[in-house]
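Everything below belongs to protein.cif, which stores mmCIF, C-alpha atoms.
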```cif
data_query
loop_
_atom_site.label_atom_id
_atom_site.label_comp_id
_atom_site.auth_asym_id
_atom_site.auth_seq_id
_atom_site.Cartn_x
_atom_site.Cartn_y
_atom_site.Cartn_z
CA MET A 23 -34.09 -20.52 -18.52
CA PRO A 24 -30.97 -18.52 -17.60
CA ASN A 25 -27.81 -20.34 -16.54
CA SER A 26 -28.20 -21.19 -12.86
CA HIS A 27 -24.44 -21.16 -12.21
CA THR A 28 -23.13 -17.94 -10.74
CA GLU A 29 -20.87 -16.04 -13.13
CA ALA A 30 -17.33 -15.19 -11.98
CA LYS A 31 -15.73 -11.80 -12.55
CA ILE A 32 -12.31 -10.47 -11.55
CA PHE A 33 -11.56 -6.85 -10.63
CA THR A 34 -8.41 -5.23 -9.32
CA CYS A 35 -7.35 -2.45 -7.02
CA THR A 36 -4.95 0.08 -8.50
CA GLN A 37 -1.64 -1.18 -7.14
CA SER A 38 -2.19 -4.86 -8.07
CA LYS A 39 -3.09 -4.38 -11.74
CA VAL A 40 -0.14 -6.34 -13.15
CA LEU A 41 -0.63 -9.34 -10.86
CA ALA A 42 -4.41 -9.25 -11.33
CA GLN A 43 -4.04 -9.38 -15.11
CA LYS A 44 -1.82 -12.45 -14.78
CA ILE A 45 -4.38 -14.07 -12.50
CA ALA A 46 -7.24 -13.28 -14.90
CA ASP A 47 -5.26 -14.75 -17.82
CA ALA A 48 -4.56 -17.92 -15.85
CA PHE A 49 -8.20 -18.09 -14.68
CA GLY A 50 -9.34 -17.78 -18.29
CA ILE A 51 -11.65 -14.77 -18.09
CA PRO A 52 -11.14 -11.11 -19.05
CA MET A 53 -10.44 -8.49 -16.42
CA GLY A 54 -13.55 -6.66 -15.23
CA ASN A 55 -13.95 -2.98 -16.01
CA VAL A 56 -13.61 -0.65 -13.04
CA ILE A 57 -12.49 2.98 -13.06
CA THR A 58 -11.36 5.18 -10.17
CA SER A 59 -12.16 8.88 -10.04
CA THR A 60 -10.00 11.11 -7.86
CA TYR A 61 -10.91 14.46 -6.35
CA SER A 62 -8.35 17.24 -6.12
CA ASP A 63 -7.90 16.66 -2.39
CA GLY A 64 -6.97 13.00 -2.94
CA GLU A 65 -10.35 11.41 -2.16
CA PHE A 66 -11.10 8.66 -4.66
CA GLN A 67 -14.14 6.69 -5.80
CA PRO A 68 -14.06 3.33 -7.62
CA SER A 69 -16.90 2.56 -10.04
CA TYR A 70 -17.84 -0.77 -11.66
CA GLU A 71 -18.53 -0.07 -15.33
CA GLU A 72 -20.45 -3.29 -15.93
CA SER A 73 -23.23 -5.19 -14.21
CA ILE A 74 -22.17 -7.45 -11.35
CA ARG A 75 -25.67 -8.27 -10.08
CA GLY A 76 -25.86 -11.88 -8.90
CA THR A 77 -22.22 -12.66 -9.73
CA ARG A 78 -19.29 -13.98 -7.75
CA ILE A 79 -16.64 -11.30 -7.90
CA PHE A 80 -13.00 -11.52 -6.89
CA ILE A 81 -11.38 -8.21 -5.91
CA ILE A 82 -7.59 -8.46 -6.05
CA GLY A 83 -5.45 -6.05 -4.07
CA SER A 84 -2.66 -6.17 -1.52
CA THR A 85 -3.27 -3.88 1.45
CA ASN A 86 0.27 -2.89 2.32
CA PRO A 87 0.62 0.62 3.77
CA GLY A 88 -0.03 3.47 3.02
CA ALA A 89 -3.64 3.36 3.99
CA GLU A 90 -4.89 4.11 0.46
CA ASN A 91 -4.50 0.46 -0.59
CA LEU A 92 -6.68 -0.77 2.26
CA MET A 93 -9.20 2.04 1.74
CA GLU A 94 -9.51 1.23 -1.96
CA MET A 95 -10.21 -2.43 -1.16
CA LEU A 96 -12.91 -1.42 1.34
CA LEU A 97 -14.55 0.94 -1.16
CA MET A 98 -14.46 -1.72 -3.90
CA ILE A 99 -16.13 -4.23 -1.57
CA ASP A 100 -18.78 -1.72 -0.48
CA ALA A 101 -19.55 -0.77 -4.08
CA ALA A 102 -19.91 -4.45 -5.01
CA LYS A 103 -22.26 -5.09 -2.10
CA ARG A 104 -24.44 -2.13 -3.11
CA ALA A 105 -24.42 -3.36 -6.73
CA SER A 106 -25.94 -6.68 -5.58
CA ALA A 107 -23.00 -9.01 -6.18
CA ARG A 108 -23.91 -12.44 -4.77
CA HIS A 109 -20.45 -13.40 -3.47
CA ILE A 110 -17.63 -10.93 -2.78
CA THR A 111 -14.22 -12.49 -2.32
CA ALA A 112 -11.39 -10.18 -1.22
CA VAL A 113 -8.16 -11.58 -2.64
CA LEU A 114 -5.29 -10.09 -0.65
CA PRO A 115 -1.96 -11.50 -1.87
CA TYR A 116 -0.42 -9.53 1.00
CA PHE A 117 -2.55 -8.84 4.10
CA GLY A 118 -1.24 -5.51 5.38
CA TRP A 119 -1.12 -4.38 9.03
CA ALA A 120 -0.64 -8.03 10.04
CA ARG A 121 2.39 -7.34 12.25
CA GLN A 122 0.03 -5.72 14.75
CA ASP A 123 -1.62 -9.02 15.64
CA ARG A 124 -1.42 -8.68 19.44
CA LYS A 125 -0.76 -6.14 22.18
CA ASP A 126 2.99 -6.29 22.69
CA LYS A 127 2.87 -3.33 25.08
CA PRO A 128 0.11 -1.30 26.79
CA ARG A 129 -2.13 1.14 24.91
CA VAL A 130 -1.52 -0.07 21.36
CA PRO A 131 -4.09 -1.32 18.78
CA ILE A 132 -4.50 -4.81 17.39
CA ALA A 133 -4.64 -3.55 13.82
CA ALA A 134 -4.90 -6.96 12.17
CA LYS A 135 -8.15 -7.62 14.04
CA LEU A 136 -9.47 -4.17 13.13
CA VAL A 137 -8.69 -4.69 9.44
CA ALA A 138 -10.45 -8.07 9.51
CA LYS A 139 -13.60 -6.53 10.97
CA MET A 140 -13.50 -3.66 8.47
CA LEU A 141 -13.31 -6.05 5.51
CA GLU A 142 -16.30 -7.98 6.84
CA ALA A 143 -18.26 -4.83 7.65
CA ALA A 144 -17.67 -3.57 4.11
CA GLY A 145 -19.28 -6.75 2.75
CA ALA A 146 -16.59 -9.34 2.00
CA THR A 147 -18.05 -12.86 2.13
CA ARG A 148 -14.72 -14.67 1.77
CA ILE A 149 -11.01 -13.88 2.11
CA ILE A 150 -8.17 -15.41 0.11
CA THR A 151 -4.65 -14.48 1.23
CA MET A 152 -1.12 -15.86 1.36
CA ASP A 153 1.50 -16.31 4.09
CA LEU A 154 -0.05 -14.30 6.90
CA HIS A 155 2.46 -12.88 9.35
CA ALA A 156 0.76 -14.97 12.05
CA ASP A 157 -1.49 -17.96 11.33
CA GLN A 158 -3.90 -17.04 14.12
CA ILE A 159 -5.04 -13.95 12.19
CA GLN A 160 -7.44 -16.33 10.42
CA GLY A 161 -9.34 -16.43 13.72
CA PHE A 162 -9.97 -12.68 13.55
CA PHE A 163 -12.50 -13.32 10.76
CA GLU A 164 -16.04 -14.67 11.03
CA LYS A 165 -16.07 -15.32 7.25
CA PRO A 166 -14.18 -18.19 5.52
CA VAL A 167 -10.46 -17.56 5.02
CA ASP A 168 -8.35 -19.48 2.52
CA HIS A 169 -4.78 -19.08 3.78
CA LEU A 170 -2.39 -20.13 1.00
CA PHE A 171 1.29 -20.92 1.40
CA ALA A 172 3.97 -19.65 -0.96
CA SER A 173 5.91 -22.85 -0.25
CA THR A 174 4.03 -24.33 -3.23
CA ILE A 175 5.94 -21.80 -5.35
CA PHE A 176 9.29 -21.76 -3.55
CA LEU A 177 9.89 -25.47 -2.95
CA PRO A 178 10.08 -26.43 -6.65
CA TYR A 179 12.50 -23.54 -7.21
CA LEU A 180 14.72 -24.64 -4.32
CA ARG A 181 14.74 -28.24 -5.50
CA GLY A 182 15.73 -27.02 -8.94
CA LEU A 183 18.84 -25.34 -7.52
CA LYS A 184 20.15 -28.78 -6.41
CA LEU A 185 22.26 -27.27 -3.62
CA ASP A 186 24.62 -29.59 -1.73
CA ASN A 187 24.68 -29.39 2.10
CA LEU A 188 21.48 -27.38 2.12
CA THR A 189 20.50 -25.79 5.42
CA ILE A 190 17.29 -23.86 6.08
CA ALA A 191 17.55 -20.88 8.42
CA SER A 192 15.06 -18.71 10.26
CA PRO A 193 16.11 -15.06 10.71
CA ASP A 194 14.35 -14.95 14.10
CA MET A 195 12.74 -17.20 16.70
CA GLY A 196 9.24 -16.39 15.49
CA GLY A 197 9.90 -17.93 12.07
CA SER A 198 11.26 -21.23 13.39
CA LYS A 199 8.03 -23.12 12.63
CA ARG A 200 8.19 -22.03 8.99
CA ALA A 201 11.87 -22.97 8.76
CA TYR A 202 11.23 -26.44 10.23
CA ALA A 203 8.42 -27.01 7.71
CA TYR A 204 10.73 -26.18 4.81
CA SER A 205 13.52 -28.33 6.24
CA LYS A 206 11.16 -31.29 6.57
CA ALA A 207 10.05 -30.94 2.94
CA LEU A 208 13.65 -30.61 1.74
CA GLU A 209 15.15 -33.08 4.25
CA SER A 210 17.74 -30.56 5.39
CA ASP A 211 19.18 -29.16 8.62
CA VAL A 212 17.87 -26.05 10.41
CA VAL A 213 19.59 -23.13 12.10
CA ILE A 214 17.97 -20.17 13.85
CA CYS A 215 19.05 -16.58 14.40
CA TYR A 216 18.30 -15.00 17.75
CA LYS A 217 17.92 -11.24 17.58
CA GLN A 218 17.18 -8.43 20.00
CA ARG A 219 15.64 -5.17 18.81
CA ALA A 220 16.43 -1.72 20.15
CA GLN A 221 13.20 -0.53 18.49
CA ALA A 222 11.06 -1.38 15.45
CA ASN A 223 13.27 -2.14 12.41
CA VAL A 224 16.47 -1.67 14.48
CA ILE A 225 18.47 -4.74 15.62
CA SER A 226 20.78 -4.32 18.57
CA HIS A 227 22.20 -7.85 18.74
CA MET A 228 22.07 -11.11 16.76
CA GLU A 229 23.37 -14.61 17.51
CA LEU A 230 23.29 -17.86 15.53
CA ILE A 231 21.93 -21.11 16.96
CA GLY A 232 23.41 -23.96 14.93
CA ASP A 233 26.37 -24.67 12.65
CA VAL A 234 26.54 -23.40 9.06
CA THR A 235 30.17 -24.28 8.28
CA GLY A 236 30.40 -25.58 4.72
CA LYS A 237 26.65 -25.19 4.19
CA ASN A 238 24.55 -23.56 1.49
CA VAL A 239 22.03 -21.63 3.59
CA VAL A 240 18.52 -20.51 2.64
CA LEU A 241 16.86 -18.00 4.96
CA VAL A 242 13.07 -18.28 5.01
CA ASP A 243 10.68 -15.51 6.12
CA ASP A 244 7.17 -14.28 5.34
CA MET A 245 8.21 -10.73 4.43
CA VAL A 246 11.19 -8.48 3.93
CA ASP A 247 10.74 -4.84 4.97
CA THR A 248 13.94 -2.84 5.54
CA ALA A 249 16.05 -5.99 4.93
CA GLY A 250 18.05 -5.22 8.08
CA THR A 251 17.45 -8.63 9.66
CA LEU A 252 18.08 -10.59 6.45
CA THR A 253 21.30 -8.86 5.49
CA LYS A 254 22.67 -8.98 9.04
CA ALA A 255 21.84 -12.70 9.24
CA ALA A 256 23.46 -13.35 5.85
CA ASP A 257 26.65 -11.52 6.84
CA LEU A 258 26.77 -13.40 10.16
CA MET A 259 26.41 -16.78 8.45
CA MET A 260 29.13 -16.05 5.93
CA GLU A 261 31.39 -15.06 8.83
CA ARG A 262 30.58 -18.42 10.46
CA GLY A 263 31.71 -20.39 7.40
CA ALA A 264 28.66 -20.73 5.15
CA LEU A 265 29.39 -21.38 1.47
CA SER A 266 26.46 -19.26 0.26
CA VAL A 267 23.37 -17.54 1.66
CA ARG A 268 20.08 -17.04 -0.14
CA ALA A 269 16.80 -15.72 1.21
CA ILE A 270 13.19 -16.57 0.45
CA CYS A 271 10.63 -13.95 1.48
CA THR A 272 7.05 -14.08 0.25
CA HIS A 273 6.21 -10.39 0.44
CA PRO A 274 8.77 -7.81 -0.84
CA ILE A 275 7.79 -4.71 1.13
CA LEU A 276 11.35 -3.36 0.71
CA SER A 277 11.10 0.05 2.36
CA GLY A 278 13.75 2.54 3.40
CA ASN A 279 17.27 1.51 2.38
CA ALA A 280 16.28 -2.10 1.67
CA TYR A 281 17.45 -2.22 -1.95
CA GLU A 282 20.82 -0.69 -1.07
CA ARG A 283 21.26 -3.10 1.85
CA ILE A 284 20.51 -6.11 -0.35
CA GLU A 285 22.93 -5.01 -3.08
CA ASN A 286 25.72 -4.47 -0.52
CA SER A 287 25.07 -7.65 1.49
CA LYS A 288 26.51 -11.16 1.29
CA LEU A 289 23.18 -12.47 0.01
CA GLU A 290 23.59 -14.35 -3.26
CA GLU A 291 19.96 -13.76 -4.17
CA LEU A 292 16.62 -12.79 -2.64
CA ILE A 293 13.67 -14.79 -3.98
CA VAL A 294 10.24 -13.18 -3.59
CA THR A 295 6.74 -13.35 -5.06
CA ASP A 296 4.90 -10.60 -6.92
CA SER A 297 2.32 -10.17 -4.12
CA ILE A 298 3.62 -6.60 -3.89
CA PRO A 299 5.10 -4.90 -6.99
CA LEU A 300 8.80 -4.05 -6.72
CA LYS A 301 9.64 -0.36 -6.52
CA GLN A 302 12.83 -0.86 -8.54
CA GLU A 303 14.87 -3.59 -10.21
CA SER A 304 17.78 -5.32 -8.50
CA SER A 305 20.28 -7.82 -9.83
CA LYS A 306 19.97 -9.82 -6.61
CA ILE A 307 16.17 -10.04 -6.48
CA ARG A 308 14.37 -12.84 -8.32
CA VAL A 309 10.57 -12.67 -8.56
CA LEU A 310 8.41 -15.79 -8.83
CA THR A 311 4.78 -15.14 -9.72
CA CYS A 312 1.95 -16.26 -7.45
CA ALA A 313 -0.64 -15.70 -10.21
CA ASN A 314 -1.13 -19.37 -11.08
CA LEU A 315 -1.56 -20.31 -7.41
CA PHE A 316 -4.26 -17.70 -6.86
CA ALA A 317 -5.98 -18.42 -10.19
CA GLU A 318 -6.26 -22.13 -9.44
CA VAL A 319 -7.56 -21.55 -5.91
CA MET A 320 -10.06 -18.97 -7.17
CA GLN A 321 -11.32 -21.44 -9.79
CA ASN A 322 -11.72 -24.16 -7.18
CA VAL A 323 -13.55 -21.78 -4.86
CA HIS A 324 -15.86 -20.74 -7.70
CA TYR A 325 -16.67 -24.32 -8.68
CA ASN A 326 -16.83 -25.55 -5.07
CA LYS A 327 -13.81 -27.84 -5.37
CA SER A 328 -11.23 -28.70 -2.73
CA ILE A 329 -8.14 -26.50 -2.36
CA SER A 330 -6.38 -28.63 0.28
CA SER A 331 -3.61 -29.56 -2.17
CA LYS A 332 -2.40 -25.95 -1.98
CA PHE A 333 -1.81 -26.15 1.77
CA VAL A 334 1.68 -27.65 1.53
CA MET A 335 2.69 -26.40 5.00
#
```
So that I can check it, write out the structure of this file as structure tokens.
Amino acid sequence: MPNSHTEAKIFTCTQSKVLAQKIADAFGIPMGNVITSTYSDGEFQPSYEESIRGTRIFIIGSTNPGAENLMEMLLMIDAAKRASARHITAVLPYFGWARQDRKDKPRVPIAAKLVAKMLEAAGATRIITMDLHADQIQGFFEKPVDHLFASTIFLPYLRGLKLDNLTIASPDMGGSKRAYAYSKALESDVVICYKQRAQANVISHMELIGDVTGKNVVLVDDMVDTAGTLTKAADLMMERGALSVRAICTHPILSGNAYERIENSKLEELIVTDSIPLKQESSKIRVLTCANLFAEVMQNVHYNKSISSKFVM
């Protein structure tokens, strides 16, 4: 009789090839064979070059803009569904479009909800992601969502630094819950930055709630985009007497003048994961891989084991 246990296979979208290979190595299986054909007008078509009938497949790909990354994930899921895969797990190290999780003014979309429905409509039977911009995005899905926390990667690194007078900081009010969780794990103080925006990605005013005099400060956030908030917060804290300022951000979007801002800022280092590949190197950016975290969770999902130990906060 054939083996009754469903076989696992790992495939990757184009932009996450390096991370996916690390995950496959840690999982202990070879990377699946998929090729993408591109028409002259930019339309593309992924094709599985091996049988996936009856298998559990994991499709790895962050969906950060532009829209091609999300579209490729949707096409990969649809192709897998039509090729009779039994379970289709979309592994999104970074869930793009998540900042549009509510209507913050009239006549705007809730893009995070739309993306969730598109993934399900395409055929995803499970979602694995990390550090969503807002926890409630899990509720946009009708399928199971495993929401991992990069704190399992960052906390050991922070403890290894052995910083005296450690203080955790949130760069805005919205991240205060995350900052308090880190401070509880590290038994440290918390400070919060209050900012007002003139428009998206433009800060008009920032104030500090708390005392950082003589402290080694670590800013904690889920993503870094233009790095305007982080660098402004770091400069403000150094002006207020901090000994050093570091930043931990799970997803290194790093658009616009972000790299230049980081290099010219008072930040000692920016610690990120490889959920999104860096566009360029920087002496101030340290990358910690999330491959082992995803590989272990994917194994536990495949063998129907608990993954609660990975929900540190």
**Report entry** Å distance separating CA of Thr151 (chain A) from CA of Glu291 (chain A), one decimal place
**Finding:**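 CA of Glu291 (chain A) lies 25.2 Å from CA of Thr151 (chain A).
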Query raised in the report: What's the 12 Å shell around region 42-48 of chain A, counting all atoms listed in the file, without same-chain residues fewer than 6 positions away, as an MDAnalysis selection string?
Result: chainID A and resid 30:36 54:55 79:84 113:115 296:299 311:321
For the contact check between region 132-235 of chain A and region 240-259 of chain A, emit one row per residue of region 132-235 of chain A within 9 Å, containing the shortest atom pair and the distance in Å rounded to one decimal, counting all atoms listed in the file, chain then rising number order, as a tab-separated table.
```
residue	atom	partner	partner_atom	distance
A:Asp153	CA	A:Asp244	CA	6.2
A:Leu154	CA	A:Asp244	CA	7.4
A:His155	CA	A:Asp244	CA	6.3
A:Ala172	CA	A:Asp244	CA	8.9
A:Leu180	CA	A:Val240	CA	8.9
A:Leu188	CA	A:Val240	CA	7.5
A:Thr189	CA	A:Val240	CA	6.3
A:Ile190	CA	A:Val240	CA	5.0
A:Ala191	CA	A:Leu241	CA	4.6
A:Ser192	CA	A:Val242	CA	5.6
A:Pro193	CA	A:Ala255	CA	6.4
A:Asp194	CA	A:Thr251	CA	8.3
A:Gly197	CA	A:Asp243	CA	6.5
A:Arg200	CA	A:Val242	CA	7.3
A:Ala201	CA	A:Val242	CA	6.1
A:Tyr204	CA	A:Val242	CA	8.2
A:Cys215	CA	A:Ala255	CA	7.0
A:Lys217	CA	A:Thr251	CA	8.4
A:Asn223	CA	A:Thr248	CA	6.9
A:Val224	CA	A:Gly250	CA	7.5
A:Ile225	CA	A:Thr251	CA	7.2
A:Met228	CA	A:Ala255	CA	7.7
A:Glu229	CA	A:Leu258	CA	8.2
A:Leu230	CA	A:Leu258	CA	7.8
A:Asp233	CA	A:Met259	CA	8.9
A:Val234	CA	A:Met259	CA	6.6
A:Thr235	CA	A:Met259	CA	8.4
```
Query raised in the report: What does the distance from CA of His27 (chain A) to CA of Ser331 (chain A) come to in Å, to one decimal?
Result: 24.6 Å
Requested in this report: Spell out the residues picked by the PyMOL selection byres ((chain A and resi 289) around 8) here, as a PyMOL selection string.
Outcome: chain A and resi 253+256-257+266-269+284+287-288+290-292+306
Report task. Counting only C-alpha atoms, figure out which residue out of A:Glu285, A:Glu94, A:Asp168, A:Glu261 gets nearest to Phe333 (chain A). Result ->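 Among the listed residues, the smallest separation from Phe333 (chain A) belongs to A:Asp168.
Of the listed residues A:Val309, A:Leu41, A:Ala146, A:Ile329, the one whose atoms come nearest to Ala107 (chain A) is A:Ala146, with distances taken using only C-alpha atoms.
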Report task. Using only C-alpha atoms, find the one residue out of A:Val212, A:Ala144, A:Ile307, A:Ile74 that sits nearest to Thr28 (chain A). Result -> A:Ile74
